[in-house]
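Shown next: final.cif, containing mmCIF, C-alpha atoms.
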data_protein
loop_
_atom_site.group_PDB
_atom_site.id
_atom_site.type_symbol
_atom_site.label_atom_id
_atom_site.label_comp_id
_atom_site.auth_asym_id
_atom_site.auth_seq_id
_atom_site.Cartn_x
_atom_site.Cartn_y
_atom_site.Cartn_z
ATOM 1 C CA GLU A 7 76.071 -90.268 -96.149
ATOM 2 C CA ASP A 8 74.405 -93.467 -97.310
ATOM 3 C CA ALA A 9 76.369 -96.650 -96.800
ATOM 4 C CA CYS A 10 76.098 -99.093 -99.676
ATOM 5 C CA ALA A 11 76.434 -102.842 -99.466
ATOM 6 C CA MET A 12 78.766 -103.827 -102.297
ATOM 7 C CA ALA A 13 79.752 -107.247 -103.514
ATOM 8 C CA SER A 14 83.143 -107.810 -105.105
ATOM 9 C CA CYS A 15 84.770 -104.736 -106.643
ATOM 10 C CA CYS A 16 85.947 -106.769 -109.624
ATOM 11 C CA ARG A 17 82.469 -107.724 -110.827
ATOM 12 C CA PRO A 18 79.835 -105.564 -112.503
ATOM 13 C CA LEU A 19 77.160 -104.780 -109.980
ATOM 14 C CA ILE A 20 74.343 -102.517 -109.019
ATOM 15 C CA SER A 21 74.330 -101.409 -105.427
ATOM 16 C CA LEU A 22 71.298 -99.960 -103.760
ATOM 17 C CA CYS A 23 72.001 -97.386 -101.095
ATOM 18 C CA ALA A 24 69.894 -96.561 -98.073
ATOM 19 C CA GLY A 25 66.892 -94.585 -99.253
ATOM 20 C CA GLY A 26 66.586 -96.590 -102.480
ATOM 21 C CA HIS A 27 69.032 -94.562 -104.557
ATOM 22 C CA SER A 28 70.940 -96.543 -107.136
ATOM 23 C CA ARG A 29 74.497 -95.929 -108.187
ATOM 24 C CA LEU A 30 75.951 -96.328 -111.607
ATOM 25 C CA LEU A 31 78.978 -98.544 -111.381
ATOM 26 C CA LEU A 32 81.092 -99.511 -114.326
ATOM 27 C CA ALA A 33 83.368 -102.283 -113.227
ATOM 28 C CA ARG A 34 85.304 -104.878 -115.075
ATOM 29 C CA SER A 35 84.539 -108.447 -114.192
ATOM 30 C CA ARG A 36 87.365 -110.923 -114.176
ATOM 31 C CA ALA A 37 86.073 -112.218 -117.498
ATOM 32 C CA LEU A 38 86.077 -108.763 -119.066
ATOM 33 C CA SER A 39 89.830 -108.531 -118.555
ATOM 34 C CA LEU A 40 90.675 -111.892 -120.140
ATOM 35 C CA LEU A 41 93.122 -111.628 -122.987
ATOM 36 C CA ALA A 42 92.126 -113.134 -126.309
ATOM 37 C CA SER A 43 93.871 -116.454 -126.767
ATOM 38 C CA SER A 44 94.217 -119.040 -129.469
ATOM 39 C CA MET A 45 91.407 -121.058 -127.856
ATOM 40 C CA GLN A 46 88.165 -120.835 -129.839
ATOM 41 C CA HIS A 47 85.519 -118.730 -128.083
ATOM 42 C CA GLU A 48 83.064 -121.641 -128.163
ATOM 43 C CA ASN A 49 85.222 -123.305 -125.499
ATOM 44 C CA LYS A 50 85.346 -120.206 -123.307
ATOM 45 C CA GLN A 51 83.236 -119.193 -120.387
ATOM 46 C CA ARG A 52 81.525 -115.844 -120.112
ATOM 47 C CA THR A 53 80.289 -113.888 -117.153
ATOM 48 C CA PHE A 54 76.766 -112.456 -117.203
ATOM 49 C CA VAL A 55 74.517 -110.329 -115.001
ATOM 50 C CA GLU A 56 71.014 -111.619 -114.357
ATOM 51 C CA PHE A 57 68.132 -110.066 -112.459
ATOM 52 C CA ALA A 58 66.781 -113.036 -110.497
ATOM 53 C CA GLY A 59 63.727 -111.281 -109.037
ATOM 54 C CA PRO A 60 62.739 -107.979 -107.462
ATOM 55 C CA GLY A 61 65.787 -106.630 -105.608
ATOM 56 C CA GLN A 62 67.953 -109.596 -106.625
ATOM 57 C CA VAL A 63 70.925 -109.521 -108.975
ATOM 58 C CA ARG A 64 73.296 -112.372 -109.589
ATOM 59 C CA VAL A 65 76.526 -112.668 -111.526
ATOM 60 C CA GLY A 66 77.108 -116.060 -113.115
ATOM 61 C CA ASP A 67 79.334 -117.913 -115.528
ATOM 62 C CA GLU A 68 78.328 -120.083 -118.465
ATOM 63 C CA ALA A 69 79.719 -121.448 -121.718
ATOM 64 C CA VAL A 70 79.699 -118.961 -124.588
ATOM 65 C CA PRO A 71 76.828 -119.901 -126.924
ATOM 66 C CA SER A 72 77.675 -120.846 -130.503
ATOM 67 C CA ARG A 73 77.758 -117.894 -132.868
ATOM 68 C CA GLY A 74 75.072 -117.687 -135.525
ATOM 69 C CA LEU A 75 75.858 -117.376 -139.220
ATOM 70 C CA ASN A 76 75.154 -113.627 -139.368
ATOM 71 C CA GLU A 77 76.717 -112.773 -136.004
ATOM 72 C CA VAL A 78 80.065 -111.553 -134.709
ATOM 73 C CA THR A 79 81.488 -112.365 -131.291
ATOM 74 C CA VAL A 80 82.445 -109.425 -129.106
ATOM 75 C CA GLN A 81 84.583 -109.532 -125.959
ATOM 76 C CA ALA A 82 83.253 -106.755 -123.743
ATOM 77 C CA ALA A 83 85.469 -104.070 -122.285
ATOM 78 C CA LEU A 84 82.585 -102.165 -120.651
ATOM 79 C CA SER A 85 78.872 -102.657 -120.215
ATOM 80 C CA ALA A 86 77.078 -99.538 -118.973
ATOM 81 C CA ILE A 87 74.663 -99.933 -116.103
ATOM 82 C CA SER A 88 71.998 -97.233 -116.158
ATOM 83 C CA SER A 89 70.893 -95.917 -112.799
ATOM 84 C CA GLY A 90 67.404 -95.428 -114.228
ATOM 85 C CA THR A 91 66.645 -98.409 -116.422
ATOM 86 C CA GLU A 92 68.362 -101.101 -114.365
ATOM 87 C CA ARG A 93 66.748 -99.699 -111.216
ATOM 88 C CA HIS A 94 63.394 -100.047 -113.019
ATOM 89 C CA VAL A 95 64.226 -103.703 -113.749
ATOM 90 C CA LEU A 96 65.604 -104.309 -110.231
ATOM 91 C CA SER A 97 62.484 -102.874 -108.588
ATOM 92 C CA GLY A 98 60.342 -105.425 -110.427
ATOM 93 C CA SER A 99 58.186 -102.841 -112.187
ATOM 94 C CA LEU A 100 59.349 -103.851 -115.683
ATOM 95 C CA VAL A 101 58.258 -107.465 -115.167
ATOM 96 C CA ALA A 102 55.079 -106.382 -113.358
ATOM 97 C CA ALA A 103 54.099 -104.241 -116.373
ATOM 98 C CA ALA A 104 54.245 -107.411 -118.530
ATOM 99 C CA GLU A 105 55.333 -105.383 -121.546
ATOM 100 C CA PRO A 106 58.327 -106.057 -123.776
ATOM 101 C CA ALA A 107 61.552 -104.576 -122.401
ATOM 102 C CA ASP A 108 62.464 -102.765 -125.626
ATOM 103 C CA VAL A 109 61.139 -104.013 -128.940
ATOM 104 C CA SER A 110 63.762 -101.991 -130.853
ATOM 105 C CA ILE A 111 66.624 -104.039 -129.339
ATOM 106 C CA GLY A 112 66.730 -107.533 -130.820
ATOM 107 C CA ALA A 113 68.850 -108.981 -127.991
ATOM 108 C CA LEU A 114 66.064 -108.203 -125.512
ATOM 109 C CA ASN A 115 63.488 -109.963 -127.735
ATOM 110 C CA SER A 116 59.937 -108.799 -128.040
ATOM 111 C CA GLU A 117 58.311 -110.980 -125.397
ATOM 112 C CA ALA A 118 57.082 -109.722 -122.052
ATOM 113 C CA PRO A 119 59.942 -110.053 -119.543
ATOM 114 C CA ALA A 120 59.902 -112.738 -116.861
ATOM 115 C CA TRP A 121 62.249 -113.709 -114.026
ATOM 116 C CA PRO A 122 65.112 -114.429 -114.306
ATOM 117 C CA LEU A 123 65.833 -111.562 -116.710
ATOM 118 C CA ARG A 124 69.022 -110.548 -118.497
ATOM 119 C CA TYR A 125 69.037 -106.880 -119.345
ATOM 120 C CA GLY A 126 71.424 -104.244 -120.622
ATOM 121 C CA TYR A 127 71.850 -102.340 -123.835
ATOM 122 C CA ALA A 128 75.175 -100.505 -123.991
ATOM 123 C CA LEU A 129 78.132 -102.832 -124.483
ATOM 124 C CA VAL A 130 81.534 -101.763 -125.853
ATOM 125 C CA GLY A 131 84.216 -104.277 -126.746
ATOM 126 C CA HIS A 132 86.405 -105.774 -129.441
ATOM 127 C CA VAL A 133 85.419 -108.299 -132.074
ATOM 128 C CA ILE A 134 87.112 -111.647 -131.377
ATOM 129 C CA ASP A 135 85.377 -113.554 -134.183
ATOM 130 C CA GLY A 136 84.174 -111.441 -137.066
ATOM 131 C CA SER A 137 84.191 -114.043 -139.801
ATOM 132 C CA SER A 138 80.699 -115.080 -140.782
ATOM 133 C CA GLY A 139 78.763 -115.620 -143.940
ATOM 134 C CA PHE A 140 77.434 -112.048 -143.825
ATOM 135 C CA SER A 141 80.243 -110.103 -142.180
ATOM 136 C CA SER A 142 83.906 -109.468 -142.638
ATOM 137 C CA THR A 143 84.393 -107.330 -139.517
ATOM 138 C CA ALA A 144 88.063 -107.660 -138.627
ATOM 139 C CA ASN A 145 89.052 -109.223 -135.342
ATOM 140 C CA GLY A 146 90.206 -106.513 -132.945
ATOM 141 C CA THR A 147 87.718 -103.927 -134.251
ATOM 142 C CA ARG A 148 86.276 -101.861 -131.382
ATOM 143 C CA VAL A 149 82.474 -101.843 -131.490
ATOM 144 C CA PHE A 150 79.362 -100.668 -129.672
ATOM 145 C CA CYS A 151 76.339 -102.951 -129.581
ATOM 146 C CA PHE A 152 73.013 -103.409 -127.849
ATOM 147 C CA HIS A 153 73.262 -106.525 -125.694
ATOM 148 C CA PRO A 154 72.503 -107.586 -122.108
ATOM 149 C CA HIS A 155 75.437 -107.418 -119.670
ATOM 150 C CA ALA A 156 77.918 -110.185 -120.527
ATOM 151 C CA SER A 157 81.675 -110.494 -120.920
ATOM 152 C CA ILE A 158 81.343 -112.141 -124.355
ATOM 153 C CA ALA A 159 78.371 -111.611 -126.660
ATOM 154 C CA ASN A 160 77.251 -112.885 -130.051
ATOM 155 C CA VAL A 161 75.514 -110.029 -131.844
ATOM 156 C CA PRO A 162 74.093 -109.558 -135.331
ATOM 157 C CA ALA A 163 76.904 -108.237 -137.526
ATOM 158 C CA SER A 164 74.673 -105.379 -138.643
ATOM 159 C CA ASP A 165 74.248 -104.272 -134.998
ATOM 160 C CA ALA A 166 77.972 -104.086 -134.175
ATOM 161 C CA ARG A 167 78.839 -100.433 -134.823
ATOM 162 C CA GLU A 168 82.531 -99.670 -135.239
ATOM 163 C CA ILE A 169 83.795 -96.919 -132.933
ATOM 164 C CA PRO A 170 87.217 -95.245 -132.683
ATOM 165 C CA ASP A 171 89.758 -96.580 -130.188
ATOM 166 C CA ASP A 172 90.352 -93.173 -128.601
#

Structure rendered as structure tokens:
Amino acid sequence: EDACAMASCCRPLISLCAGGHSRLLLARSRALSLLASSMQHENKQRTFVEFAGPGQVRVGDEAVPSRGLNEVTVQAALSAISSGTERHVLSGSLVAAAEPADVSIGALNSEAPAWPLRYGYALVGHVIDGSSGFSSTANGTRVFCFHPHASIANVPASDAREIPDD
């Protein structure tokens, strides 16, 4: 059986096994399990996954960017890592093709990808700041959205799709 080199079990990661097979791992990062507090999200840190180059993935922390007028802020519970798409990114073939990652997903923008690259498109979490000029999504609402892997994400209110809690 292939032996995989794995980083910390409490961070989202992609592990490549001997023979080049990728595994789908859904793991909660320490930031994904943070409880919402009275502190404004602008003062919080978030954890993100970034493809640094072919075969290189890093997990980092940064300040949460300010939310735009038509956006809601989502605290991620899960961010799915696809064994196909992320392997395509990790191998370097997406950047080598010099074509936009996915023009239908606004968070990935429409420019040709370059290193370092943040990717991902299946994030589920709860709205922690839904008040904006264009949205009245209630805080605590469980949503699905297209966004690169991050523990906290600002997404267009129209892209945050409410899903049932069960």

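Atom CA of Gly131 of chain A sits 6.7 Å away from atom CA of Leu84 of chain A.
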
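Closest to Ala86 of chain A among A:Gly146, A:Pro170, A:Gly112, A:Gly126 is A:Gly126, based on all atoms listed in the file.
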
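Take the candidates A:Asn145, A:Ser85, A:Glu117, A:Ser97 and check each one against Leu129 of chain A using only C-alpha atoms; the shortest distance goes to A:Ser85.
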
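Using all atoms listed in the file, the nearest neighbour of Thr91 of chain A within the list A:Thr143, A:Lys50, A:Ala58, A:Tyr127 is A:Tyr127.
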
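Checking A:Leu100, A:Ile169, A:Ala163, A:Arg148 one by one against Ala83 of chain A, counting all atoms listed in the file, you find the shortest gap at A:Arg148.
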
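Each of A:Ala166, A:Ala103, A:Val95, A:Ala159 was checked against Leu123 of chain A using all atoms listed in the file; the smallest atom-to-atom distance is that of A:Val95.
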